[in-house]
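Structure record follows, encoded as structure tokens.
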Amino acid sequence: MTRPGLKKGFTTGAAAAAAVKAALIRVLTQASPDQVEIAFLNGDSRPIKIHSVTPHSPVSCEARVIKDAGDDPDITHRACIGAQVILEKEHSYRVSILGGRGVGTITKPGLELEVGEPAINPGPRQMIRNSIDQVFQMVQKEKKCHVRVEIFVPDGEELAKKTMNARLGIIGGISILGTTGVVTPLSHEAYIATIRSSIQVARAQGIQTLVFTTGRRSERFAMDLFTGLAEESFIQTGDFFKASIDEACQAGIKTIIFTVFFGKACKMAMGFEHTHAAKSELTVKTLGSWAKEIIHDPKILDCIDQANTARHVFSLIYPQYPGMVEMIGQRVKETAQRFAGQHMTIRAIIFDFEGRRVFDSVSS
């Protein structure tokens with residue numbers, strides 16, 4: 001759900017559709033629009049500002065849109081999304097949607113698109129086709145032509161380095177994404193979609209054991225530990241504890257290994273489906289309560305009660321009280337198993353902050 005006051009934006013797919021629409025309007029009418037109305041796939045619509053329109057010939061034009069992600073943190077916010085449209089005379093109507101500079105190419109199976117296709121997802125493709133239809137209806141011209149569309153992103157290759165595209169087998173640029181065309185701030189939809197795609201790529205390669213990490217650092221430690229596993233086996237799930245398990249279950253994955261630091265482990269142990277840092281105060285209070293079951297030193301218990309973070313608690317209990325870490329680790333496994341059901345094997349590993357294993361459910 002969007003928090004009050006946060007501005008919605010539009011996806012790279014909506015930006016591409018707007019650029020296509022503006023370019024086609026220029027070819028068919030000789031007018032260069034300052035903005036175009038785009039119909040989103042959820043039934044809504046909105047005007048999108050056109051950054052530039054550049055005709056190349058009477059039948060070819062390029063248009064660019066600056067993507068606006070609203071108040072959603074997004075690496076493609078303010079990125080330039082462009083489209084070149086070329087009309088070729090034919091006896092029947094067809095549309096070709098190609099990827100140009102800065103748009104990635106699919107090189108691994110398991111995604112929504114076939115290997116070799118440009119990374120322009122089905123939602124954006126539909127929005128592009130809808131926009132083309134709208135222009136032809138608007139100008140009332142017969143659709144006996146081949147509409148050739150090439151989407152490009154000038155800075156796409158650099159932007160892609162900040163994404164998980166290479167891991168997913170999307171090479172050479174970014175993906176043109178969006179299920180509806182609307183970016184809803186803090187909706188988490190895009191992150192879960194990335195997790196889903198990562199799992200699908202792994203599954204398509206026959207991988208049955210996944211290593212879930214919460215970020216780059218825990219992933220680096222996990223890769224050092226499981227050197228025999230393919231890179232595609234490692235998936236950064238962020239705070240999405242239950243959602244990532246749900247996606248793995250739907251894909252038929254047999255085994256998940258969670259590799260986490262103590263702070264995230266505590267939230268998992270408490271049964272949170274989403275392990276956002278906002279729950280830190282409650283986490284420390286719960287740790288204080290659990291500590292009384294294992295630790296009987298009043299001074300240590302008082303220090304735990306006064307601690308500010310789970311990391312601070314960890315420094316108080318390890319290595320002096322390994323049973324406390326054991327309790328947390330077992331609860332992580334139990335919670336994950338409850339989310340997953342009995343048809344999946346769960347293993348839980350907790351790292352200290354130097355990457356050493358302080359708990360492993362296999363050896364405990």
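The chains in the structure tokens are called A, B, ... from first to last as shown; in each chain the residues are counted from 1, and the ligands are counted from 1 in the order shown.
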Worksheet entry | DSSP-assigned alpha helix (DSSP H) among range 137-339 of chain A, expressed as a ChimeraX atom specification | /A:137-139,156-160,165-168,189-204,216-225,241-251,262-269,280-291,298-306,310-317,322-339
Worksheet item: Can you list, as a PyMOL selection string, every protein, DNA or RNA residue that comes within 9 Å of range 202-216 of chain A when you count only C-alpha atoms, leaving out same-chain residues fewer than 4 positions away?
Response: chain A and resi 108-111+168+197-198+220-223+226+229-230+232-241+244+248+251-261+264
Discussion item. Using DSSP secondary structure from the backbone, list all strand (DSSP E) positions within range 191-263 of chain A, as a ChimeraX atom specification.
Written reply: /A:209-213,234-236,255-261
Fill in: Proximity to His343 in chain A - best of A:Ser45, A:Gln35, A:Ala23, A:Cys249, only C-alpha atoms
A:Cys249
So that each row is one residue of range 188-232 of chain A with an atom at most 12 Å from range 69-80 of chain A, can you give its shortest atom pair and the distance in Å to one decimal, using only C-alpha atoms, rows by chain and rising number, as CSV?
residue,atom,partner,partner_atom,distance
A:His188,CA,A:Asp72,CA,9.7
A:Glu189,CA,A:Asp72,CA,11.3
A:Ala190,CA,A:Asp74,CA,9.7
A:Tyr191,CA,A:Asp74,CA,10.6
Kindly export the residues of the current selection with all heavy atoms, as a tab-separated table (two decimals), in the first residue's frame.
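Writing done, so here's selection18.tsv:
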chain	number	residue	atom	x	y	z
A	188	HIS	N	6.71	-2.75	-3.22
A	188	HIS	CA	7.53	-3.96	-3.16
A	188	HIS	C	7.34	-4.88	-4.35
A	188	HIS	O	7.97	-5.91	-4.44
A	188	HIS	CB	7.27	-4.76	-1.86
A	188	HIS	CG	7.52	-3.98	-0.62
A	188	HIS	ND1	6.90	-4.27	0.58
A	188	HIS	CD2	8.32	-2.92	-0.37
A	188	HIS	CE1	7.30	-3.43	1.51
A	188	HIS	NE2	8.16	-2.59	0.95
A	189	GLU	N	6.45	-4.49	-5.25
A	189	GLU	CA	6.14	-5.37	-6.38
A	189	GLU	C	7.37	-5.68	-7.22
A	189	GLU	O	7.60	-6.83	-7.63
A	189	GLU	CB	5.06	-4.72	-7.24
A	189	GLU	CG	4.66	-5.53	-8.46
A	189	GLU	CD	3.63	-4.81	-9.32
A	189	GLU	OE1	3.03	-3.82	-8.83
A	189	GLU	OE2	3.44	-5.23	-10.45
A	190	ALA	N	8.19	-4.65	-7.49
A	190	ALA	CA	9.34	-4.85	-8.35
A	190	ALA	C	10.36	-5.78	-7.73
A	190	ALA	O	10.96	-6.62	-8.42
A	190	ALA	CB	9.99	-3.50	-8.67
A	191	TYR	N	10.57	-5.66	-6.41
A	191	TYR	CA	11.58	-6.51	-5.75
A	191	TYR	C	11.12	-7.96	-5.79
A	191	TYR	O	11.91	-8.86	-6.09
A	191	TYR	CB	11.79	-6.05	-4.31
A	191	TYR	CG	13.13	-6.47	-3.74
A	191	TYR	CD1	14.08	-5.52	-3.37
A	191	TYR	CD2	13.47	-7.81	-3.59
A	191	TYR	CE1	15.31	-5.90	-2.87
A	191	TYR	CE2	14.70	-8.19	-3.08
A	191	TYR	CZ	15.61	-7.24	-2.72
A	191	TYR	OH	16.84	-7.62	-2.24
